[in-house]
Each structure stands twice: as structure tokens, then as C-alpha cells.
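What's in input.cif: mmCIF, C-alpha atoms
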data_run
#
loop_
_atom_site.label_atom_id
_atom_site.label_comp_id
_atom_site.auth_asym_id
_atom_site.auth_seq_id
_atom_site.Cartn_x
_atom_site.Cartn_y
_atom_site.Cartn_z
CA MET M 748 22.55 -25.26 -30.98
CA ALA M 749 21.33 -22.03 -32.53
CA ILE M 750 19.14 -22.14 -35.59
CA GLU M 751 20.65 -20.97 -38.89
CA SER M 752 17.29 -19.86 -40.24
CA LYS M 753 16.76 -16.97 -42.60
CA ILE M 754 19.89 -14.79 -42.54
CA THR M 755 19.01 -11.14 -43.01
CA ASP M 756 20.63 -7.74 -42.82
CA VAL M 757 17.77 -6.35 -40.76
CA GLU M 758 16.98 -7.01 -37.12
CA LYS M 759 13.74 -8.90 -36.53
CA ILE M 760 12.07 -8.41 -33.16
CA ALA M 761 10.25 -10.88 -30.91
CA VAL M 762 8.66 -9.62 -27.70
CA ILE M 763 8.33 -12.46 -25.21
CA GLY M 764 5.52 -11.36 -22.91
CA SER M 765 2.30 -9.41 -23.30
CA GLY M 766 1.30 -8.15 -19.88
CA ASN M 767 0.94 -4.50 -18.93
CA TRP M 768 4.63 -3.67 -19.39
CA GLY M 769 5.22 -6.07 -22.29
CA THR M 770 2.39 -4.51 -24.27
CA ALA M 771 3.55 -0.97 -23.51
CA ILE M 772 7.06 -1.75 -24.73
CA ALA M 773 5.70 -3.55 -27.82
CA ARG M 774 3.84 -0.35 -28.72
CA ILE M 775 7.10 1.61 -28.65
CA ILE M 776 8.95 -1.02 -30.68
CA GLY M 777 6.12 -1.26 -33.20
CA VAL M 778 6.28 2.46 -33.91
CA ASN M 779 10.07 2.68 -33.95
CA VAL M 780 10.80 -0.19 -36.35
CA VAL M 781 8.69 1.49 -39.02
CA GLN M 782 10.64 4.74 -38.67
CA LEU M 783 14.16 3.34 -38.29
CA LYS M 784 16.46 1.71 -40.83
CA GLY M 785 17.79 -1.75 -40.15
CA PHE M 786 14.68 -3.28 -38.56
CA ASP M 787 12.03 -5.60 -39.98
CA ARG M 788 8.63 -3.91 -39.75
CA GLU M 789 6.81 -6.91 -38.30
CA VAL M 790 7.02 -7.37 -34.54
CA LYS M 791 5.75 -10.60 -33.02
CA MET M 792 4.54 -10.55 -29.42
CA TRP M 793 4.12 -13.82 -27.56
CA VAL M 794 0.85 -14.06 -25.65
CA PHE M 795 0.23 -16.75 -23.06
CA GLU M 796 -3.20 -17.65 -24.38
CA GLU M 797 -6.23 -17.02 -22.20
CA THR M 798 -9.86 -16.19 -22.83
CA VAL M 799 -11.48 -12.82 -22.28
CA GLY M 800 -15.25 -12.68 -22.66
CA GLY M 801 -15.22 -16.11 -24.24
CA ARG M 802 -12.63 -15.21 -26.90
CA ASN M 803 -8.91 -15.85 -27.18
CA LEU M 804 -6.84 -12.87 -26.10
CA THR M 805 -4.59 -13.17 -29.18
CA GLU M 806 -7.60 -12.86 -31.46
CA LEU M 807 -8.83 -9.79 -29.60
CA ILE M 808 -5.41 -8.12 -29.74
CA ASN M 809 -5.00 -8.75 -33.47
CA GLU M 810 -8.56 -7.69 -34.25
CA LYS M 811 -8.84 -4.61 -32.04
CA HIS M 812 -5.10 -3.73 -31.96
CA GLU M 813 -5.43 -3.32 -28.22
CA ASN M 814 -4.60 -5.53 -25.25
CA VAL M 815 -8.06 -5.34 -23.76
CA LYS M 816 -7.06 -7.16 -20.58
CA TYR M 817 -3.63 -5.85 -19.60
CA LEU M 818 -3.37 -2.44 -21.29
CA PRO M 819 -6.91 -1.35 -22.22
CA GLY M 820 -7.45 2.01 -23.86
CA PHE M 821 -4.15 2.15 -25.75
CA LYS M 822 -3.89 1.19 -29.42
CA ILE M 823 -1.13 -1.18 -30.53
CA PRO M 824 0.46 -0.57 -33.95
CA GLU M 825 -0.93 -2.87 -36.63
CA ASN M 826 2.55 -4.24 -37.37
CA VAL M 827 2.63 -5.82 -33.89
CA LYS M 828 1.19 -9.32 -34.17
CA ALA M 829 0.05 -11.29 -31.13
CA VAL M 830 1.14 -14.94 -31.37
CA PRO M 831 0.13 -17.73 -28.94
CA ASP M 832 2.93 -20.10 -30.02
CA LEU M 833 6.27 -19.27 -28.39
CA LEU M 834 8.44 -20.91 -31.05
CA GLU M 835 6.52 -19.25 -33.86
CA THR M 836 7.07 -15.91 -32.11
CA ILE M 837 10.85 -16.24 -32.09
CA LYS M 838 11.23 -17.79 -35.55
CA ASP M 839 13.90 -15.81 -37.47
CA ALA M 840 14.08 -13.22 -34.65
CA THR M 841 17.50 -11.66 -34.09
CA ILE M 842 16.37 -9.59 -31.09
CA LEU M 843 14.56 -11.24 -28.18
CA VAL M 844 12.87 -8.88 -25.72
CA PHE M 845 12.03 -10.71 -22.47
CA VAL M 846 9.15 -9.14 -20.51
CA ILE M 847 7.61 -11.87 -18.36
CA PRO M 848 7.30 -12.46 -14.60
CA HIS M 849 10.63 -13.82 -13.43
CA GLN M 850 9.17 -17.04 -12.03
CA PHE M 851 8.28 -18.14 -15.58
CA LEU M 852 11.68 -17.53 -17.20
CA HIS M 853 13.16 -21.00 -16.69
CA ASP M 854 10.27 -22.72 -18.43
CA VAL M 855 10.36 -20.25 -21.33
CA CYS M 856 14.12 -20.60 -21.79
CA ASP M 857 13.87 -24.38 -21.71
CA GLN M 858 11.38 -24.21 -24.58
CA LEU M 859 13.65 -21.87 -26.55
CA LYS M 860 16.89 -23.79 -25.99
CA GLY M 861 18.50 -24.65 -29.32
CA LYS M 862 15.72 -22.88 -31.25
CA VAL M 863 16.95 -19.27 -31.40
CA HIS M 864 18.52 -17.58 -34.42
CA ILE M 865 22.29 -17.93 -34.76
CA LYS M 866 22.64 -14.13 -34.63
CA ALA M 867 20.17 -13.64 -31.79
CA LYS M 868 20.80 -11.18 -28.98
CA ALA M 869 18.53 -10.52 -26.04
CA ILE M 870 17.47 -7.82 -23.65
CA THR M 871 15.65 -8.53 -20.41
CA LEU M 872 13.11 -6.17 -18.86
CA ILE M 873 12.35 -8.75 -16.14
CA LYS M 874 12.26 -7.64 -12.49
CA GLY M 875 13.59 -10.41 -10.29
CA PHE M 876 16.44 -12.89 -9.89
CA ASP M 877 17.16 -16.56 -9.47
CA ILE M 878 18.49 -18.31 -6.37
CA SER M 879 21.65 -20.41 -6.52
CA ASP M 880 23.75 -22.25 -3.94
CA THR M 881 26.18 -19.34 -3.76
CA GLY M 882 23.60 -16.56 -3.61
CA ILE M 883 21.64 -14.84 -6.36
CA ARG M 884 21.74 -15.23 -10.12
CA PRO M 885 20.45 -12.43 -12.36
CA MET M 886 17.90 -13.30 -15.03
CA SER M 887 20.35 -12.09 -17.69
CA GLU M 888 22.73 -14.87 -16.64
CA VAL M 889 19.94 -17.46 -16.86
CA ILE M 890 19.11 -16.35 -20.41
CA HIS M 891 22.78 -16.31 -21.44
CA GLU M 892 23.55 -19.71 -19.95
CA VAL M 893 20.55 -21.47 -21.49
CA LEU M 894 20.31 -19.76 -24.88
CA LYS M 895 24.01 -18.89 -25.39
CA VAL M 896 23.18 -15.35 -26.56
CA PRO M 897 24.53 -11.96 -25.41
CA VAL M 898 22.15 -10.20 -23.03
CA CYS M 899 21.56 -6.56 -22.11
CA THR M 900 19.20 -5.31 -19.42
CA LEU M 901 16.63 -2.50 -19.26
CA SER M 902 15.17 -1.05 -16.09
CA GLY M 903 13.98 2.32 -14.89
CA ALA M 904 11.20 4.45 -13.45
CA ASN M 905 8.74 2.94 -15.89
CA ILE M 906 5.10 2.65 -14.87
CA ALA M 907 3.60 1.08 -17.97
CA ASN M 908 0.36 3.05 -18.23
CA GLU M 909 2.20 6.36 -18.01
CA ILE M 910 4.58 5.35 -20.80
CA ALA M 911 1.65 4.11 -22.88
CA ALA M 912 0.10 7.56 -22.38
CA GLU M 913 3.37 9.00 -23.71
CA LYS M 914 4.22 10.92 -20.55
CA PHE M 915 7.91 11.77 -20.37
CA SER M 916 9.95 9.02 -18.71
CA GLU M 917 13.51 7.76 -18.57
CA THR M 918 15.04 4.30 -18.47
CA THR M 919 18.47 2.69 -18.28
CA ILE M 920 20.03 0.00 -20.44
CA GLY M 921 22.94 -1.99 -19.06
CA TYR M 922 25.35 -3.42 -21.62
CA ARG M 923 28.64 -5.30 -21.88
CA ASN M 924 29.14 -4.55 -25.56
CA ARG M 925 28.56 -0.86 -26.27
CA GLN M 926 27.45 -1.53 -29.84
CA GLU M 927 24.61 -3.67 -28.49
CA GLY M 928 23.73 -0.99 -25.96
CA GLU M 929 23.50 1.59 -28.74
CA LEU M 930 21.36 -0.75 -30.84
CA PHE M 931 18.85 -1.22 -28.05
CA LYS M 932 18.86 2.51 -27.32
CA ARG M 933 17.78 3.13 -30.92
CA LEU M 934 15.10 0.47 -30.67
CA PHE M 935 13.49 1.81 -27.49
CA GLU M 936 14.08 5.57 -27.40
CA THR M 937 11.33 8.05 -28.31
CA LYS M 938 10.74 11.74 -27.73
CA TYR M 939 8.90 10.87 -24.50
CA TYR M 940 11.00 7.86 -23.43
CA ARG M 941 14.63 8.80 -22.94
CA VAL M 942 17.15 5.97 -22.74
CA GLY M 943 20.50 6.12 -20.95
CA ILE M 944 23.09 3.37 -21.37
CA VAL M 945 25.69 2.20 -18.85
CA ASP M 946 28.34 -0.50 -18.84
CA ASP M 947 26.73 -2.33 -15.91
CA VAL M 948 24.34 -5.14 -16.89
CA VAL M 949 23.98 -6.64 -13.41
CA GLY M 950 23.73 -3.33 -11.54
CA VAL M 951 20.87 -2.15 -13.74
CA GLU M 952 19.07 -5.47 -13.49
CA LEU M 953 19.34 -6.01 -9.74
CA CYS M 954 18.23 -2.46 -8.98
CA GLY M 955 15.06 -3.28 -10.91
CA ALA M 956 14.49 -6.41 -8.83
CA LEU M 957 15.26 -5.07 -5.36
CA LYS M 958 13.30 -1.82 -5.67
CA ASN M 959 10.10 -3.91 -5.64
CA VAL M 960 10.94 -5.01 -2.09
CA VAL M 961 11.45 -1.40 -1.02
CA ALA M 962 8.09 -0.55 -2.64
CA ILE M 963 6.41 -3.15 -0.43
CA GLY M 964 7.86 -1.28 2.54
CA ALA M 965 6.57 2.03 1.22
CA GLY M 966 3.09 0.56 0.79
CA ILE M 967 3.15 -0.66 4.39
CA ILE M 968 4.02 2.89 5.49
CA ASP M 969 1.10 4.25 3.45
CA GLY M 970 -1.24 1.71 5.01
CA LEU M 971 -0.12 2.79 8.47
CA LYS M 972 -0.68 6.48 7.54
CA MET M 973 2.79 7.36 8.77
CA GLY M 974 3.35 10.17 6.30
CA ASP M 975 5.96 11.41 3.87
CA ASN M 976 8.86 11.78 6.30
CA THR M 977 8.66 8.11 7.21
CA LYS M 978 8.32 7.06 3.60
CA ALA M 979 11.36 9.14 2.68
CA ALA M 980 13.32 7.34 5.40
CA ILE M 981 12.25 3.96 4.03
CA ILE M 982 13.31 5.01 0.53
CA ARG M 983 16.72 6.15 1.78
CA ILE M 984 17.33 3.04 3.88
CA GLY M 985 16.03 0.83 1.09
CA LEU M 986 18.38 2.33 -1.49
CA LEU M 987 21.32 1.85 0.87
CA GLU M 988 20.42 -1.80 1.44
CA MET M 989 20.02 -2.31 -2.31
CA LYS M 990 23.47 -0.90 -2.96
CA LYS M 991 25.03 -2.88 -0.10
CA PHE M 992 23.47 -6.16 -1.21
CA ILE M 993 24.34 -5.81 -4.89
CA LYS M 994 27.93 -4.81 -4.19
CA MET M 995 28.31 -7.60 -1.64
CA PHE M 996 27.51 -10.29 -4.20
CA TYR M 997 28.86 -8.77 -7.42
CA LYS M 998 32.12 -7.04 -8.25
CA GLY M 999 32.39 -4.19 -10.73
CA ILE M 1000 29.06 -2.57 -9.91
CA LYS M 1001 29.29 1.14 -10.61
CA ASP M 1002 28.22 3.69 -7.99
CA GLU M 1003 26.74 5.91 -10.69
CA THR M 1004 24.28 3.17 -11.66
CA PHE M 1005 22.32 3.88 -8.48
CA PHE M 1006 21.79 7.47 -9.65
CA GLU M 1007 20.44 6.43 -13.06
CA SER M 1008 16.74 5.90 -13.78
CA CYS M 1009 17.16 2.22 -12.82
CA GLY M 1010 18.30 3.25 -9.34
CA ILE M 1011 16.98 6.11 -7.26
CA ALA M 1012 14.36 7.19 -9.82
CA ASP M 1013 12.82 3.72 -10.02
CA VAL M 1014 12.79 3.40 -6.23
CA ILE M 1015 10.94 6.71 -5.92
CA THR M 1016 8.31 5.99 -8.56
CA SER M 1017 7.72 2.46 -7.25
CA CYS M 1018 7.28 3.78 -3.72
CA TYR M 1019 4.62 6.27 -4.83
CA GLY M 1020 2.92 4.27 -7.59
CA GLY M 1021 2.86 0.77 -8.99
CA ARG M 1022 1.37 -2.54 -7.97
CA ASN M 1023 3.73 -3.47 -5.11
CA ARG M 1024 3.03 -0.30 -3.12
CA LYS M 1025 -0.70 -0.59 -3.87
CA VAL M 1026 -1.04 -4.18 -2.66
CA ALA M 1027 1.13 -3.63 0.43
CA GLU M 1028 -1.02 -0.68 1.48
CA ALA M 1029 -4.15 -2.80 1.00
CA HIS M 1030 -2.59 -5.59 3.09
CA VAL M 1031 -2.26 -3.22 6.04
CA LEU M 1032 -5.71 -1.68 5.60
CA THR M 1033 -7.64 -4.94 5.08
CA GLY M 1034 -5.55 -7.61 6.78
CA LYS M 1035 -5.93 -9.79 3.69
CA SER M 1036 -3.01 -11.90 2.47
CA PHE M 1037 -0.79 -10.72 -0.36
CA ASP M 1038 -1.88 -13.73 -2.46
CA GLN M 1039 -5.54 -12.85 -2.06
CA LEU M 1040 -4.95 -9.18 -2.83
CA GLU M 1041 -2.91 -10.07 -5.92
CA LYS M 1042 -5.97 -11.89 -7.29
CA GLU M 1043 -8.38 -9.13 -6.29
CA LEU M 1044 -6.43 -6.06 -7.36
CA LEU M 1045 -4.05 -6.92 -10.19
CA ASN M 1046 -6.31 -8.28 -12.94
CA GLY M 1047 -4.09 -11.28 -13.61
CA GLN M 1048 -0.77 -9.47 -13.20
CA LYS M 1049 1.84 -10.90 -10.84
CA LEU M 1050 3.11 -9.27 -7.66
CA GLN M 1051 6.91 -9.33 -7.85
CA GLY M 1052 7.91 -7.64 -4.58
CA THR M 1053 6.84 -10.32 -2.13
CA LEU M 1054 8.35 -13.17 -4.14
CA THR M 1055 11.61 -11.24 -4.45
CA ALA M 1056 11.55 -10.52 -0.69
CA LYS M 1057 11.17 -14.25 -0.03
CA GLU M 1058 14.02 -15.20 -2.38
CA LEU M 1059 16.16 -12.42 -0.95
CA ASN M 1060 15.57 -13.65 2.58
CA MET M 1061 16.56 -17.17 1.60
CA VAL M 1062 19.97 -15.83 0.61
CA LEU M 1063 20.33 -13.60 3.69
CA LYS M 1064 19.35 -16.41 6.05
CA ARG M 1065 21.68 -18.89 4.36
CA LYS M 1066 24.56 -16.44 4.61
CA GLY M 1067 23.74 -15.30 8.16
CA LEU M 1068 23.18 -11.74 6.93
CA GLU M 1069 19.64 -10.94 8.10
CA ARG M 1070 20.80 -8.45 10.75
CA GLU M 1071 22.89 -6.58 8.18
CA PHE M 1072 19.76 -5.89 6.13
CA PRO M 1073 17.10 -4.95 8.70
CA LEU M 1074 14.65 -3.37 6.24
CA PHE M 1075 14.70 -6.28 3.79
CA THR M 1076 14.39 -8.74 6.67
CA THR M 1077 11.48 -6.89 8.30
CA ILE M 1078 9.57 -6.61 5.02
CA TYR M 1079 9.95 -10.37 4.59
CA LYS M 1080 8.69 -11.05 8.12
CA ILE M 1081 5.64 -8.81 7.63
CA SER M 1082 4.89 -10.44 4.28
CA PHE M 1083 5.35 -14.08 5.28
CA ASP M 1084 5.79 -14.55 9.04
CA GLY M 1085 2.80 -12.57 10.26
CA ALA M 1086 4.87 -9.79 11.85
CA ALA M 1087 2.89 -6.67 12.69
CA PRO M 1088 3.12 -3.91 10.05
CA GLN M 1089 4.37 -1.50 12.75
CA LYS M 1090 7.60 -3.50 12.83
CA ILE M 1091 8.58 -1.71 9.63
CA VAL M 1092 9.88 1.16 11.78
CA GLU M 1093 10.45 -0.58 15.09
CA ASP M 1094 12.85 -3.25 13.84
CA ILE M 1095 15.03 -1.30 11.44
CA ILE M 1096 16.77 0.89 14.02
#
This entry written out as C-alpha cells:
Amino acid sequence: MAIESKITDVEKIAVIGSGNWGTAIARIIGVNVVQLKGFDREVKMWVFEETVGGRNLTELINEKHENVKYLPGFKIPENVKAVPDLLETIKDATILVFVIPHQFLHDVCDQLKGKVHIKAKAITLIKGFDISDTGIRPMSEVIHEVLKVPVCTLSGANIANEIAAEKFSETTIGYRNRQEGELFKRLFETKYYRVGIVDDVVGVELCGALKNVVAIGAGIIDGLKMGDNTKAAIIRIGLLEMKKFIKMFYKGIKDETFFESCGIADVITSCYGGRNRKVAEAHVLTGKSFDQLEKELLNGQKLQGTLTAKELNMVLKRKGLEREFPLFTTIYKISFDGAAPQKIVEDII
């Protein structure tokens, strides 16, 4: 049951997550709510408490107005408050912004069940999906089913540090209710961060999840020093498999979604930058496991591409579809079955 707490005419924001991307998006929100009508000026950002240099991260963020661990060097507006208590973060919030690794969403939603504002709406920036008996389940559906709130999605060619540095970027919001899509566009858009909106919640979301698998493939190509032609081929094949998979499991997906920032643009940027490409390249060059490299290279951030590849393969194997998705299947085998990196080109023909 939703909470009928303080009813207000303004939207109050809670950002659930404080990693690299969560902090970057909280910076944008913190600036925008001060400039826009209809939004409460205080933004609460949930921080999974940890210590940095012997001090709590929340204390450091609130004192220095900087996330010294996950987004160092970029100031956070003073109206953004880091909060270690999840329920305190979402108290009275009418907009919930989910920006956490997808493997933690179930636990977070279970804690929030029955505690959210009666007028709450959500938007998920999470890259990943859930596995069900019938196939895949988008994170937006998990949030909606548990919290009983409407959910939009945001995904795009969005490397967090570049957006924090205010370099021009684009993103895509998927909506079911256009009014909600327009609301979130106002909340997130800046002069350097252009927001497009499309009536395709699931298409936007699943593009954001599957591109991380393609980025693992691109990193393998970089590690093998195969060059730009080969990487371009992997990007093309990867985008085709993304489109095929999404349309196979969900009806109503729009072709134009794949040409938005959440589609081709995000695939390109993830295949040339970002953590998944970086770690996959290091896997080829060093022979170390992805788990070990995640700990060594990502400063506490989570690698999404390999986990998504594993979950994806579970669905493909269960449905007898591995041969129909040779790139996805080969990336899984390299990541988890010890297949040679060279198989990335040998087994996709």
C-alpha cells in the first residue's frame, strides 16, 4: 500500500543510487530543480554506506559536495543530500530515479514495497534485466510490479564522466504516458544533455542492457588488435542481434528506437569507451578473469556486460536459440566457458 504522506503540488526527487552514473545524474537534477518550477529544491541521493579513508562516504559527499570515490573531481550541488538510509531517502518523494546495478534491484524494491508516496512515479536508468520462466523481464516491470507505480526508462550514449564534464551528449526516455515522458525530459535536459522521448519503454530499456554484451565483444576485438574494420563488423552484428532478440520476446517495439541515442549511439560509445570494453580488452591482454579485473580496474563499480551475457545465454539455451544468436553465444562462451578470444570471429560466421 502506498504511503499517503505529505501531499504537495511540487515534485520531490529521490535518486536511488550513488555510483559513477547515479552521481552524474544527481548533479544534473540538483541544478535543474533549482531553475525549474514545480520541483522541490532538495534532492536526496541514497548511498550504500561504505568507508573511504576511514570516513563514511555519505559524510564526505555532504561535506565536500563531491563523490570522492565514484565521481571525483566534479562538484555536486549543495541541494543534493547524500543519505545512507533508503527509506529516509524516499520519504515524501514523488519521483524515484533508480540508478543501481541491476542485480541489487530486487532487494531494494522489497525494502520499498508499501513505503512509497501515493503519487510516486519512477524512472529507471538501470542497465540489465531479470530472468523469468518465459524469458526476460525488464527492470521497469520489476519496479512496477513490486511498487505499483508507473515507470519510464532512460538510456543512451551516456558515459558518466563525459556528462559530468558537460560535454554534449544525448539520451532517450521511453514512456507509456506522454505527460510523464515530458516531465522527465524537463527534469533531465540541459544545454549539453539533450533528451529525446519515445513511446517505447521496453525497447529503450533493453537496448541499454544488451549493448553491454556487444561492448564486451568490442573489447575482445581490441585485445586481439584486430582493428577498426573488425570492430565495426561486431557493432553491426551486435545491433542486429539486439534488435532480433528484443523483437522476438516483446511486441510493439519500434524500429526507430534502434536509431535513437539508446540504440546505435549507445552501442558505438560503449564499444569505444566504458567499463565493459575496457575490462574485456584487459581479459584478452592479461588472461585474468573478469571477476578479478572488475576488482582491479573498476574501483568498486560493477561490470554489467558479463552478467547480462550470462543471463541472456540462460534464456537462449532454455529456448534452444543459441545458434540464432552466434555473437551473443560466443561472447558468453569466452566470458564463462574458457573459449579462446579468437572465437569471437571464427564462430559467428
Find the residue from M:Thr918, M:Ser1082, M:Thr871, M:Ser1036 that sits nearest to Val898 (chain M); use only C-alpha atoms when measuring. M:Thr871
Do you know which residues the PyMOL selection byres ((chain M and resi 776-793) around 7) returns on this file, as a ChimeraX atom specification? /M:757-765,772-775,794-795,824,826-833,836,934-935
Closest atom pairs, residues of region 865-897 of chain M within 10 Å of region 847-859 of chain M, all atoms listed in the file, as a Markdown table:
| residue | atom | partner | partner_atom | distance |
| --- | --- | --- | --- | --- |
| M:Thr871 | CA | M:Ile847 | CA | 8.9 |
| M:Leu872 | CA | M:Ile847 | CA | 7.9 |
| M:Ile873 | CA | M:His849 | CA | 6.0 |
| M:Lys874 | CA | M:His849 | CA | 6.5 |
| M:Gly875 | CA | M:His849 | CA | 5.5 |
| M:Phe876 | CA | M:His849 | CA | 6.9 |
| M:Asp877 | CA | M:His849 | CA | 8.1 |
| M:Pro885 | CA | M:His849 | CA | 10.0 |
| M:Met886 | CA | M:His849 | CA | 7.5 |
| M:Val889 | CA | M:His853 | CA | 7.7 |
| M:Ile890 | CA | M:Cys856 | CA | 6.7 |
| M:His891 | CA | M:Cys856 | CA | 9.7 |
| M:Glu892 | CA | M:Cys856 | CA | 9.6 |
| M:Val893 | CA | M:Cys856 | CA | 6.5 |
| M:Leu894 | CA | M:Cys856 | CA | 7.0 |
Expansion of the PyMOL selection byres ((chain M and resi 1031) around 9) into residues, as a short mmCIF file (atom, residue, chain, number, x, y, z; two decimals) with C-alpha atoms, in the frame of the given file:
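selection_5.cif, written as the output of this step:
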data_model
loop_
_atom_site.label_atom_id
_atom_site.label_comp_id
_atom_site.auth_asym_id
_atom_site.auth_seq_id
_atom_site.Cartn_x
_atom_site.Cartn_y
_atom_site.Cartn_z
CA GLY M 966 3.09 0.56 0.79
CA ILE M 967 3.15 -0.66 4.39
CA ILE M 968 4.02 2.89 5.49
CA ASP M 969 1.10 4.25 3.45
CA GLY M 970 -1.24 1.71 5.01
CA LEU M 971 -0.12 2.79 8.47
CA VAL M 1026 -1.04 -4.18 -2.66
CA ALA M 1027 1.13 -3.63 0.43
CA GLU M 1028 -1.02 -0.68 1.48
CA ALA M 1029 -4.15 -2.80 1.00
CA HIS M 1030 -2.59 -5.59 3.09
CA LEU M 1032 -5.71 -1.68 5.60
CA THR M 1033 -7.64 -4.94 5.08
CA GLY M 1034 -5.55 -7.61 6.78
CA LYS M 1035 -5.93 -9.79 3.69
CA PRO M 1088 3.12 -3.91 10.05
#
Nearest-residue call for Val1062 (chain M), choices M:Ile981, M:Ile883, M:Leu843, M:Ala904, using only C-alpha atoms: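 So, comparing all the options, the nearest one is M:Ile883.
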Of the candidates M:Lys1001, M:Lys1064, M:Lys994, M:Lys958, which one gets nearest to Gly1052 (chain M) if we count only C-alpha atoms?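 For Gly1052 (chain M), the nearest of the candidates is M:Lys958.
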Can you tell me which residues surround Glu1093 (chain M) at a distance of at most 12 Å, considering all atoms listed in the file, apart from same-chain residues fewer than 2 positions away, and format the answer as a ChimeraX atom specification? /M:977,1073-1074,1077-1078,1086-1091,1095-1096
Selected residues written out with C-alpha atoms, as a PDB file, in the frame of the given file:
ATOM      1  CA  THR M 977       8.660   8.110   7.210  1.00  0.00           C
ATOM      2  CA  PRO M1073      17.100  -4.950   8.700  1.00  0.00           C
ATOM      3  CA  LEU M1074      14.650  -3.370   6.240  1.00  0.00           C
ATOM      4  CA  THR M1077      11.480  -6.890   8.300  1.00  0.00           C
ATOM      5  CA  ILE M1078       9.570  -6.610   5.020  1.00  0.00           C
ATOM      6  CA  ALA M1086       4.870  -9.790  11.850  1.00  0.00           C
ATOM      7  CA  ALA M1087       2.890  -6.670  12.690  1.00  0.00           C
ATOM      8  CA  PRO M1088       3.120  -3.910  10.050  1.00  0.00           C
ATOM      9  CA  GLN M1089       4.370  -1.500  12.750  1.00  0.00           C
ATOM     10  CA  LYS M1090       7.600  -3.500  12.830  1.00  0.00           C
ATOM     11  CA  ILE M1091       8.580  -1.710   9.630  1.00  0.00           C
ATOM     12  CA  ILE M1095      15.030  -1.300  11.440  1.00  0.00           C
ATOM     13  CA  ILE M1096      16.770   0.890  14.020  1.00  0.00           C
TER      14      ILE M1096
END
For the atom pair CA of Ala980 (chain M) and CA of Gly964 (chain M), what is the interatomic distance in Å to one decimal place?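 Computing the Euclidean distance for CA of Ala980 (chain M) and CA of Gly964 (chain M) yields 10.6 Å.
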Between M:Tyr1019, M:Phe1006, M:Phe1037, M:Phe992, single out the one closest to Ala956 (chain M), counting only C-alpha atoms. M:Phe992
Expressed in Å to a single decimal, how great is the separation between CA of Val960 (chain M) and CA of Asp947 (chain M)?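 CA of Asp947 (chain M) lies at a distance of 21.2 Å from CA of Val960 (chain M).
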Please write as a PyMOL selection string the full residue list that the PyMOL selection byres ((chain M and resi 806) around 12) yields on this file. chain M and resi 794+796-805+807-815+828-831
Interatomic distance, CA of Leu818 (chain M) to CA of Asp839 (chain M) (Å, one decimal):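 If I compute the distance from CA of Leu818 (chain M) to CA of Asp839 (chain M), I get 27.2 Å.
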In terms of the shortest atom-to-atom distance over all atoms listed in the file, which of M:Lys895, M:Trp768, M:Ala1012, M:Arg941 is closest to Asn908 (chain M)?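 Closest residue, counting all atoms listed in the file: M:Trp768.
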